[in-house]
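Q: Okay, here's the structure, questions in a sec.
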Amino acid sequence: MASGTKNKGKPKGKGGAKSGRGSSVSRPRRPKPWGTIGAVVLVVALAAGVFTYAFMQIDEQEQWVASEENQDPSDDIEGVTKVEYDGAQHVSGDQRVAYDQSPPFGGPHDQVWANCNGTVYDTAVRNENMVHGLEHGSIWIAYNPDEVKGAALDTLKAKVEGQPHMMMSPYPGLDRPISLQSWGHQLKLDSADDERVDQFIRALRQNQYQHPEPGGRCDSDGTGFDPLNPPPFVAEPPGEGAVQMDGTGAIEATDEGMTPPAPTGASEPPATDGSQPTGASTGAPPSQ
Amino acid sequence: MTQREQEDARPSRSSRVVVIVAAMVAVLLVGAAGGMLLTLSQVDSATPPGPESVDVGFAQDMRVHHLQAVTMAGIARDNSDDGVIRGLAFDIESTQLAQAGQMSGWLTVWGRSTLPPPGAGHMGWMSEGGTHMHSDGSGGETTEAVQRMPGMATTEELNALREATGRKLDVMFLQLMLRHHQGGLEMAAYGAVHASTGYVRNLAKKIVESQQAEADLMAAYLARRGAEPLPVP
């Protein structure tokens, strides 16, 4: 447009005679291919529109689905804490683990998993069992019972009850109203309506790139873990003799959990001789 | 010859270059945009099945439905004193667990979530044809997605099953599993017709046939124990 007016203005300024001569001489040069230019602009605009639309569509559909190219979609969720843990380190029912996080989201755990089949626990459940549920690819919604009640609690329950690989329990003393856990991932939130709740679930539930045991089952019937009467959460620090995060004191590796464990069977007191003094400090509840 | 030379000389060399480059760019963009549209249409429909497709909806929701059958069958297999019940429960548990795993594999290969997106409800994909209606689990009829699929047991029912023993356990298991099978039939029948992929339609069809046969068997088992089935969902 700008260049168009410029060209038109040129002959005008140079006087009648020149313009008359110019018109006859420059006539073959003057007609710019406006039709072509317009068509190109149109095509560019059209292509830009199609590209944008296509990318938005593809992006929205794929964004939270794990794939070989996008193994951890939770990287796009703001506020997620990630820690790498080794799987398959087991403790017995009377042992405790000095977890490095609160609530914990990985590390040694009880040989029996907490029922994680859309299970809403009304009472706080032993960490060691809940962590094993995470190892099987489930999401654990923990909430502070003093802060999350009524409608917010119902909102969270609706995301859990009857939904495979979901579990939820109160967590006394939680430093934020809500904390979401999957194996190696945690997201602490203030509101049950935060869109990141669903994003976290979509990105990490049964994400076989992120949890150690794809296909791990969530039914606990027959394992010794009773979802109606789960082993209770223990608020006190685990103290000396607890199994350390590096697995010190854990049960020797055996066949993975297919046989019902003997409740108190071969539980020797964990070897505390070589345990690091740092273990006590990492086991302490985090500040805040 | 001279005439042609004159015609050639008319447009300047620079504007010819501009026109040619512009035309090339235009052709390239048209091709690229066409390719992008083609990609988009494949994301939406053809291969692999898109997120809104019957295939994906069926596989995700039938997984959830199956996994609860696996839970209930596991309880009966662990706790029943009746070898017939334990055998039936073992059959249902292993079959449906394997089928749930099969569907999980499809969904992974298709690049979809192995479970339905949170908060979106279930069976919203069963809307092709428009007039379709199904129960929303509380007696109402709706064409929208439902929170609880037909035949699904409540947490209270599952817990009651966990606590039951003896004949009470056997009857309760048969009642809940019969209703569960009946509730799943509609979804399976829909998938058997409307899924775009042959192997999805095949599994859906097999589910209809085998679960109908098992439903008949469980109705007979209930009658033999002098018990009534629950209302059909």
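Labeling convention for the structure tokens: chains A, B, ... as they appear, residues from 1 per chain, ligands from 1 in order of appearance.
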Residues of chain B no more than 8 Å from chain A, counting only C-alpha atoms: send them over as an MDAnalysis selection string.
A: chainID B and resid 10:12 15 19 22:23 25:26 29:30 32:33 36:37 40 43 51 64 67 71 74:75 78 101 108 111:115 117:119 154:155 159
Q: Could you save the residues just selected, with C-alpha atoms, as a compact mmCIF listing (two decimals), in the first residue's frame?
A:
```
# COMPACT_ATOMS: atom_id res chain seq x y z
CA ARG B 10 7.91 -5.23 -20.77
CA PRO B 11 8.00 -6.41 -17.14
CA SER B 12 11.30 -5.53 -15.51
CA SER B 15 9.44 -7.74 -10.80
CA VAL B 19 6.53 -12.81 -9.12
CA ALA B 22 6.13 -15.28 -4.71
CA ALA B 23 4.54 -17.98 -6.81
CA VAL B 25 6.36 -19.53 -1.93
CA ALA B 26 2.64 -19.68 -2.54
CA LEU B 29 2.66 -22.90 1.47
CA VAL B 30 -0.38 -24.41 -0.18
CA ALA B 32 2.45 -27.42 3.48
CA ALA B 33 -0.98 -26.26 4.61
CA MET B 36 -0.94 -29.99 7.85
CA LEU B 37 -4.67 -30.41 7.26
CA LEU B 40 -4.87 -32.93 11.52
CA VAL B 43 -5.17 -36.99 14.44
CA PRO B 51 -9.19 -38.80 21.57
CA VAL B 64 -12.52 -48.98 34.17
CA LEU B 67 -11.10 -53.42 36.50
CA THR B 71 -11.73 -56.36 42.02
CA GLY B 74 -10.73 -61.24 43.37
CA ILE B 75 -12.66 -60.82 46.60
CA ASP B 78 -10.19 -65.19 48.02
CA GLY B 101 -4.28 -55.03 29.70
CA THR B 108 -0.50 -46.75 24.53
CA GLY B 111 -0.76 -42.39 22.02
CA ARG B 112 -3.80 -41.97 24.28
CA SER B 113 -4.29 -42.06 28.03
CA THR B 114 -4.87 -45.57 29.30
CA LEU B 115 -7.66 -44.27 31.52
CA PRO B 117 -9.46 -38.07 31.56
CA PRO B 118 -10.29 -37.05 35.12
CA GLY B 119 -13.57 -35.26 35.68
CA THR B 154 -20.62 -48.38 44.83
CA THR B 155 -17.80 -48.25 47.34
CA ASN B 159 -16.97 -52.95 51.17
```
Q: From region 10-220 of chain B, collect each residue whose DSSP state is helix (DSSP H, G or I) and return the set as a VMD selection string.
A: chain B and resid 13 to 44 54 to 79 83 to 110 155 to 163 166 to 194 198 to 220
Q: I need the residues in region 2-218 of chain B that are strand (DSSP E or B) according to DSSP; give them as a VMD selection string.
A: chain B and resid 122 134 to 135 141 to 142 146
Q: May I ask which of the residues B:His194, B:Lys168, B:His66, B:Arg225 is the closest one to Gln211 (chain B), counting only C-alpha atoms?
A: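 Closest to Gln211 (chain B) of all the choices is B:His66.
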Q: Just want the 9 Å neighbourhood of region 80-85 of chain A, counted on only C-alpha atoms, with same-chain residues fewer than 2 positions away dropped. Output as a PyMOL selection string.
A: chain A and resi 74-78+87+105-108+183-188+200+245
